[in-house]
Structure formats: C-alpha cells, structure tokens
$ cat final_22.txt   # compact mmCIF, C-alpha atoms
# COMPACT_ATOMS: atom_id res chain seq x y z
CA MET A 1 -3.43 14.19 -22.85
CA THR A 2 -0.09 12.39 -22.84
CA ILE A 3 0.69 10.46 -19.68
CA ARG A 4 4.44 10.35 -19.20
CA ALA A 5 4.78 8.68 -15.81
CA VAL A 6 3.01 6.32 -13.43
CA VAL A 7 3.15 6.76 -9.67
CA TRP A 8 2.29 3.62 -7.74
CA ASP A 9 0.86 2.83 -4.36
CA VAL A 10 2.60 -0.19 -2.80
CA ASP A 11 0.45 -2.12 -0.33
CA ASP A 12 -2.39 -4.06 -1.98
CA THR A 13 -1.45 -2.51 -5.34
CA LEU A 14 2.01 -3.93 -6.12
CA PHE A 15 2.51 -5.94 -2.96
CA ASP A 16 -0.12 -8.37 -1.63
CA TYR A 17 -0.26 -6.81 1.81
CA THR A 18 -3.61 -8.30 2.81
CA GLY A 19 -2.56 -11.81 1.84
CA ALA A 20 0.77 -11.53 3.66
CA ASP A 21 -0.82 -9.94 6.72
CA ARG A 22 -3.49 -12.61 7.06
CA ALA A 23 -1.05 -15.47 6.50
CA ALA A 24 1.39 -13.99 9.01
CA MET A 25 -1.20 -13.32 11.68
CA ARG A 26 -2.59 -16.84 11.31
CA GLU A 27 0.87 -18.32 11.89
CA HIS A 28 1.61 -15.88 14.69
CA LEU A 29 -1.61 -16.62 16.57
CA LEU A 30 -1.02 -20.34 16.32
CA ALA A 31 2.57 -19.91 17.55
CA GLU A 32 1.42 -17.68 20.43
CA GLY A 33 -1.38 -20.04 21.41
CA LEU A 34 -3.94 -17.32 20.75
CA ALA A 35 -5.95 -18.81 17.91
CA GLU A 36 -8.82 -19.46 20.32
CA GLY A 37 -10.31 -17.35 23.04
CA LEU A 38 -8.90 -13.98 22.04
CA ALA A 39 -11.85 -11.88 23.08
CA ASP A 40 -14.85 -12.57 25.32
CA GLY A 41 -15.07 -16.33 25.17
CA PRO A 42 -14.05 -18.56 22.27
CA ALA A 43 -13.13 -16.71 19.08
CA SER A 44 -12.49 -18.34 15.75
CA LEU A 45 -9.33 -17.66 13.81
CA THR A 46 -11.43 -15.80 11.24
CA GLU A 47 -12.80 -13.51 13.93
CA ALA A 48 -9.31 -12.91 15.28
CA LEU A 49 -8.05 -11.98 11.81
CA GLU A 50 -10.95 -9.56 11.39
CA ARG A 51 -10.18 -8.00 14.76
CA TRP A 52 -6.57 -7.45 13.69
CA ARG A 53 -7.73 -5.88 10.43
CA GLU A 54 -10.01 -3.48 12.29
CA ALA A 55 -7.25 -2.52 14.73
CA THR A 56 -4.90 -1.92 11.82
CA GLU A 57 -7.36 0.29 9.94
CA LEU A 58 -8.20 2.34 13.03
CA HIS A 59 -4.64 3.11 14.07
CA TRP A 60 -3.35 3.49 10.52
CA ALA A 61 -5.97 6.22 10.05
CA ARG A 62 -4.66 7.92 13.20
CA PHE A 63 -1.12 7.78 11.81
CA SER A 64 -2.28 9.18 8.45
CA ALA A 65 -3.98 12.05 10.29
CA GLY A 66 -0.79 12.85 12.20
CA GLU A 67 -2.22 11.81 15.57
CA VAL A 68 0.40 9.16 16.33
CA SER A 69 3.88 8.20 15.13
CA PHE A 70 4.53 5.32 12.74
CA GLU A 71 5.98 3.21 15.55
CA GLY A 72 3.23 4.31 17.92
CA GLN A 73 0.44 3.06 15.67
CA ARG A 74 2.06 -0.39 15.64
CA LEU A 75 2.08 -0.57 19.45
CA ASP A 76 -1.49 0.72 19.70
CA ARG A 77 -2.65 -1.92 17.22
CA VAL A 78 -1.20 -4.66 19.40
CA ARG A 79 -2.78 -3.27 22.58
CA LEU A 80 -6.21 -2.91 20.99
CA PHE A 81 -6.05 -6.33 19.39
CA LEU A 82 -5.07 -8.11 22.60
CA GLY A 83 -7.40 -5.98 24.70
CA ARG A 84 -4.97 -5.37 27.52
CA GLU A 85 -2.38 -2.91 28.75
CA LEU A 86 1.18 -3.57 27.62
CA THR A 87 4.42 -1.72 28.12
CA ASP A 88 6.08 -0.42 24.98
CA THR A 89 8.65 -3.19 25.24
CA GLU A 90 5.97 -5.89 25.57
CA ALA A 91 4.03 -4.51 22.58
CA GLU A 92 7.22 -4.16 20.53
CA ASP A 93 8.22 -7.76 21.25
CA TRP A 94 4.78 -9.06 20.27
CA PHE A 95 4.81 -7.06 17.02
CA ARG A 96 8.37 -8.18 16.25
CA ARG A 97 7.33 -11.84 16.50
CA TYR A 98 4.36 -11.16 14.19
CA LYS A 99 6.63 -9.26 11.77
CA ALA A 100 8.93 -12.26 11.38
CA HIS A 101 5.99 -14.29 10.02
CA TYR A 102 4.82 -11.34 7.92
CA GLU A 103 8.11 -10.88 6.09
CA THR A 104 8.30 -14.53 5.10
CA ALA A 105 4.92 -14.11 3.35
CA TRP A 106 5.87 -11.11 1.17
CA SER A 107 5.01 -11.39 -2.52
CA LEU A 108 4.06 -9.26 -5.50
CA PHE A 109 0.74 -9.74 -7.24
CA PRO A 110 1.26 -11.87 -10.36
CA ASP A 111 0.26 -9.01 -12.71
CA VAL A 112 2.93 -6.60 -11.39
CA LEU A 113 6.11 -7.65 -13.20
CA PRO A 114 4.34 -8.07 -16.57
CA VAL A 115 2.89 -4.54 -16.43
CA LEU A 116 6.15 -2.98 -15.26
CA ASP A 117 7.89 -4.72 -18.16
CA ALA A 118 5.19 -3.60 -20.61
CA LEU A 119 5.49 0.05 -19.52
CA ALA A 120 9.26 0.16 -18.98
CA ALA A 121 10.08 1.72 -22.36
CA THR A 122 7.16 4.14 -22.51
CA HIS A 123 6.58 5.54 -19.02
CA ARG A 124 8.63 6.67 -16.05
CA HIS A 125 7.78 5.24 -12.63
CA ALA A 126 7.75 6.32 -8.99
CA VAL A 127 6.17 5.20 -5.71
CA LEU A 128 4.00 7.18 -3.29
CA SER A 129 2.99 5.36 -0.10
CA ASN A 130 1.36 6.35 3.17
CA SER A 131 3.92 4.21 5.00
CA SER A 132 7.53 5.03 5.92
CA LEU A 133 10.57 5.01 3.64
CA THR A 134 12.37 2.55 5.93
CA VAL A 135 9.57 0.01 5.51
CA GLN A 136 8.86 0.45 1.81
CA ASP A 137 12.50 0.79 0.72
CA ARG A 138 13.31 -2.58 2.27
CA LYS A 139 10.13 -4.17 0.95
CA LEU A 140 10.72 -3.04 -2.65
CA ARG A 141 14.33 -4.20 -2.52
CA THR A 142 13.36 -7.59 -1.08
CA LEU A 143 10.71 -8.02 -3.77
CA GLY A 144 13.27 -7.16 -6.45
CA VAL A 145 11.58 -4.08 -7.93
CA TYR A 146 13.25 -1.14 -6.20
CA ASP A 147 15.33 -0.24 -9.27
CA ARG A 148 12.17 0.05 -11.36
CA PHE A 149 11.33 3.40 -9.72
CA GLU A 150 13.00 6.78 -10.10
CA ALA A 151 11.70 7.97 -6.73
CA VAL A 152 10.15 6.41 -3.64
CA LEU A 153 8.19 8.85 -1.47
CA CYS A 154 6.45 8.03 1.81
CA ALA A 155 4.15 9.97 4.10
CA ALA A 156 6.25 9.53 7.23
CA GLU A 157 9.10 11.48 5.62
CA LEU A 158 7.00 13.84 3.48
CA GLY A 159 4.96 15.05 6.43
CA VAL A 160 1.78 14.82 4.35
CA SER A 161 -0.39 11.79 3.59
CA LYS A 162 -2.73 10.72 0.84
CA PRO A 163 -5.45 11.78 0.10
CA GLU A 164 -4.02 15.29 0.65
CA ALA A 165 -3.11 16.90 -2.66
CA GLY A 166 0.33 17.79 -1.33
CA ALA A 167 1.37 14.14 -1.25
CA PHE A 168 0.49 13.56 -4.90
CA LEU A 169 2.01 16.88 -5.97
CA ALA A 170 5.25 15.97 -4.18
CA ALA A 171 5.48 12.87 -6.39
CA CYS A 172 4.91 14.97 -9.50
CA GLU A 173 7.60 17.40 -8.37
CA ALA A 174 10.04 14.55 -7.84
CA LEU A 175 9.45 13.53 -11.47
CA GLU A 176 9.50 17.18 -12.63
CA LEU A 177 6.20 16.67 -14.41
CA PRO A 178 2.85 18.49 -14.15
CA PRO A 179 0.01 16.48 -12.57
CA HIS A 180 -1.90 16.10 -15.83
CA GLU A 181 1.04 14.13 -17.28
CA VAL A 182 1.11 11.67 -14.38
CA ALA A 183 -1.12 8.68 -13.60
CA TYR A 184 -1.57 7.35 -10.09
CA VAL A 185 -2.47 3.69 -9.47
CA GLY A 186 -3.77 2.58 -6.08
CA ASP A 187 -6.19 0.19 -4.41
CA HIS A 188 -8.16 2.53 -2.13
CA PRO A 189 -11.16 4.33 -3.66
CA GLU A 190 -10.90 7.38 -1.40
CA ILE A 191 -7.26 7.66 -0.33
CA ASP A 192 -5.85 6.79 -3.76
CA TRP A 193 -8.52 7.13 -6.42
CA ARG A 194 -10.33 10.26 -5.28
CA GLY A 195 -7.23 11.87 -3.81
CA ALA A 196 -5.19 11.56 -7.00
CA ALA A 197 -8.02 12.86 -9.17
CA ASP A 198 -8.60 15.85 -6.90
CA ALA A 199 -4.87 16.66 -7.17
CA GLY A 200 -5.13 16.71 -10.98
CA LEU A 201 -3.56 13.34 -11.83
CA LEU A 202 -5.07 10.65 -14.01
CA SER A 203 -6.44 8.40 -11.30
CA VAL A 204 -6.63 4.62 -11.64
CA TRP A 205 -8.23 2.36 -9.06
CA ILE A 206 -7.00 -1.24 -9.15
CA ASP A 207 -10.21 -2.92 -8.00
CA ARG A 208 -9.15 -6.55 -7.77
CA HIS A 209 -12.22 -7.57 -5.77
CA GLY A 210 -14.90 -6.18 -8.06
CA ARG A 211 -16.36 -3.60 -5.72
CA HIS A 212 -17.05 -1.12 -8.52
CA THR A 213 -20.48 -0.06 -9.77
CA PRO A 214 -20.83 -0.87 -13.50
CA GLY A 215 -21.55 2.15 -15.65
CA GLU A 216 -20.37 4.77 -13.18
CA VAL A 217 -18.61 7.56 -15.06
CA LEU A 218 -16.19 9.82 -13.20
CA VAL A 219 -14.03 12.35 -15.01
CA GLY A 220 -10.31 11.78 -14.55
CA ARG A 221 -10.78 8.45 -12.79
CA HIS A 222 -10.65 4.90 -14.09
CA ARG A 223 -11.27 1.47 -12.56
CA ILE A 224 -9.48 -1.68 -13.61
CA ALA A 225 -9.75 -5.24 -12.34
CA SER A 226 -6.17 -6.19 -13.27
CA LEU A 227 -2.98 -4.29 -13.95
CA ALA A 228 -2.97 -6.03 -17.32
CA GLU A 229 -5.54 -3.41 -18.36
CA LEU A 230 -3.26 -0.47 -17.57
CA PRO A 231 -1.07 -0.26 -20.72
CA ALA A 232 -4.09 0.10 -22.99
CA LEU A 233 -5.63 2.68 -20.67
CA LEU A 234 -2.43 4.77 -20.67
CA GLY A 235 -1.74 4.38 -24.37
CA ALA A 236 1.58 2.64 -23.87
CA ASP A 237 2.80 3.49 -27.36
CA THR A 238 3.16 7.14 -26.30
CA ARG A 239 6.82 8.06 -25.78
CA PHE A 240 8.11 10.65 -23.34
CA GLY A 241 10.97 12.95 -24.27
CA ALA A 242 14.03 11.20 -22.82
CA PRO A 243 15.01 7.55 -23.30
CA SER A 244 13.88 5.22 -20.52
CA THR A 245 16.49 4.18 -17.99
CA PHE A 246 14.62 0.92 -17.32
CA ARG A 247 14.88 -0.86 -20.67

$ encode --input "final_22.txt" --output "structure tokens"
Amino acid sequence: MTIRAVVWDVDDTLFDYTGADRAAMREHLLAEGLAEGLADGPASLTEALERWREATELHWARFSAGEVSFEGQRLDRVRLFLGRELTDTEAEDWFRRYKAHYETAWSLFPDVLPVLDALAATHRHAVLSNSSLTVQDRKLRTLGVYDRFEAVLCAAELGVSKPEAGAFLAACEALELPPHEVAYVGDHPEIDWRGAADAGLLSVWIDRHGRHTPGEVLVGRHRIASLAELPALLGADTRFGAPSTFR
C-alpha cells in the first residue's frame, strides 16, 4: 500500500523533550535552592528529577482525559512536585521560572533534519500532538521546522486526544487522505503506536531506548531505533500525485 504522507508526534519524537525537561529542571532546582531536601529529608537531584517526571505524567494523563485544562495541569504539576498548597499565581510564577530554563534547552534530535530532507520530495508531512497549538506552533518555529508541515494539529484545540481514533483521523482529514495512505511516527507505544494502528494508519514507533521485544510481529505497526530507518520502511521512492511543496 502506498504511503503518501507522514504525520509526526513532536515531543520525544522530533523534539528532545525529555532531555530539555531534565536539563531545565536541574538548572531551575539549583537556582531555586531546591536541589536538596525536596521531599521528606534529603533528596538527591536524581530523585527530584524523577519526582517531576512522575508529576508530569500523572497530570498530563488527566489533561489528555479531559479532566483538567492545559494550564491547569501545569499548576497541578507544580503543587504535587513541591508538596504544598500554592495559589494559582504562585504556581504560575514557579512554572514560568522553570519554563525560562526549559526553552533555552530546546533542540531537535540529530536524526530529524536528515529524515525530513530525505522524505521531502516523496511524502507530505503534518504534525499531531497531544499538547496545545500555542505551545507546539512556537516550538516548531523556534526549532526551524514549522514550514516543513502542511498542518499542525493539537489535542487542546481538536477536543480529542491520542490514542482516540478521532485525533488520528482528524490529521488524515487535514491532509485529505485515507488512513491507509498515512503513516504516523511517535515515541509512545500505547498513545502513538497502538492508537495510530487502531485508527487504520501505518504505525511507526521510534524506540530510541531499545525497549522493544525482538521478534514481536504486529500487523500495521513497526518499530525503529532511529529515524534514519524510516525512508526505507516507507519506500521513499514512491511518489504521491502532486509535486511536493517542500523541495
């Protein structure tokens, strides 16, 4: 089956979110004087970073399920991480100071630009993220890749989140292509990989950390360790009907 377009996740697929988040939180904790003694007694910086990761995952899941607003999950993450009551203003100020460190650490993975270049003349491209358009629009522009994508869709504006089929189908509709002609590339095995496959797309898990089980065969789903493997998987010599606008 001809794959005519690739829809991309952003965080930890194109953009090194985990690396930027950890670097930013490390700098933020040191600046705030919170690198030690965050919880009950002395806590190492590693433990503090893990606590932030857990708070992020918990409240991001609540946002994805529609239980809290995008801004609300940020404030709840701060409150849970610090383990104390804060006003909205106090939590917002704390997150704003963290965000300043975070944005200075933004970077693409090194395999991103080469694969976008390799696929520019053969496949169309779009983005589907569980974040908000305000966040991802600015991020993609800052990273210099916004113009690589025909459409940027985000859960906060769509009103539906991955792994729901409606999110993936919205991306296909934006491209005016049926799901079986679209590949989805993401880093999460359930939210991205399983969700895209269940919606009828060719599903590709970018498994940079080698968590896959060798020999596992799943119809409609593929696992790659680097985006460098993607052109061969898609058959990058296959042309779609109209000339690419990204040559």

$ closest_residue --input "final_22.txt" --among "A:Ser64, A:Glu47, A:Val185, A:Ala55" --to "Asp76 in chain A" --atoms "all atoms listed in the file"
A:Ala55

$ residues_around --input "final_22.txt" --residues "Arg74 in chain A" --least-positions-apart "3" --cutoff "9 Å" --atoms "only C-alpha atoms" --output "list in words"
Thr56, His59, Trp60, Ser69, Phe70, Glu71, Arg77, Val78, Arg79, Ala91, Glu92 and Phe95 of chain A

$ residues_around --input "final_22.txt" --residues "Glu229 in chain A" --least-positions-apart "2" --cutoff "12 Å" --atoms "only C-alpha atoms" --output "JSON, numbers by chain"
{"A": [111, 112, 114, 115, 118, 119, 185, 204, 205, 206, 207, 208, 222, 223, 224, 225, 226, 227, 231, 232, 233, 234, 235, 236]}

$ atom_distance --input "final_22.txt" --atom1 "CA of Asp12 in chain A" --atom2 "CA of Asp187 in chain A"
6.2 Å

$ closest_residue --input "final_22.txt" --among "A:Ala24, A:Ala167, A:Val135, A:Leu49" --to "Asp192 in chain A" --atoms "only C-alpha atoms"
A:Ala167
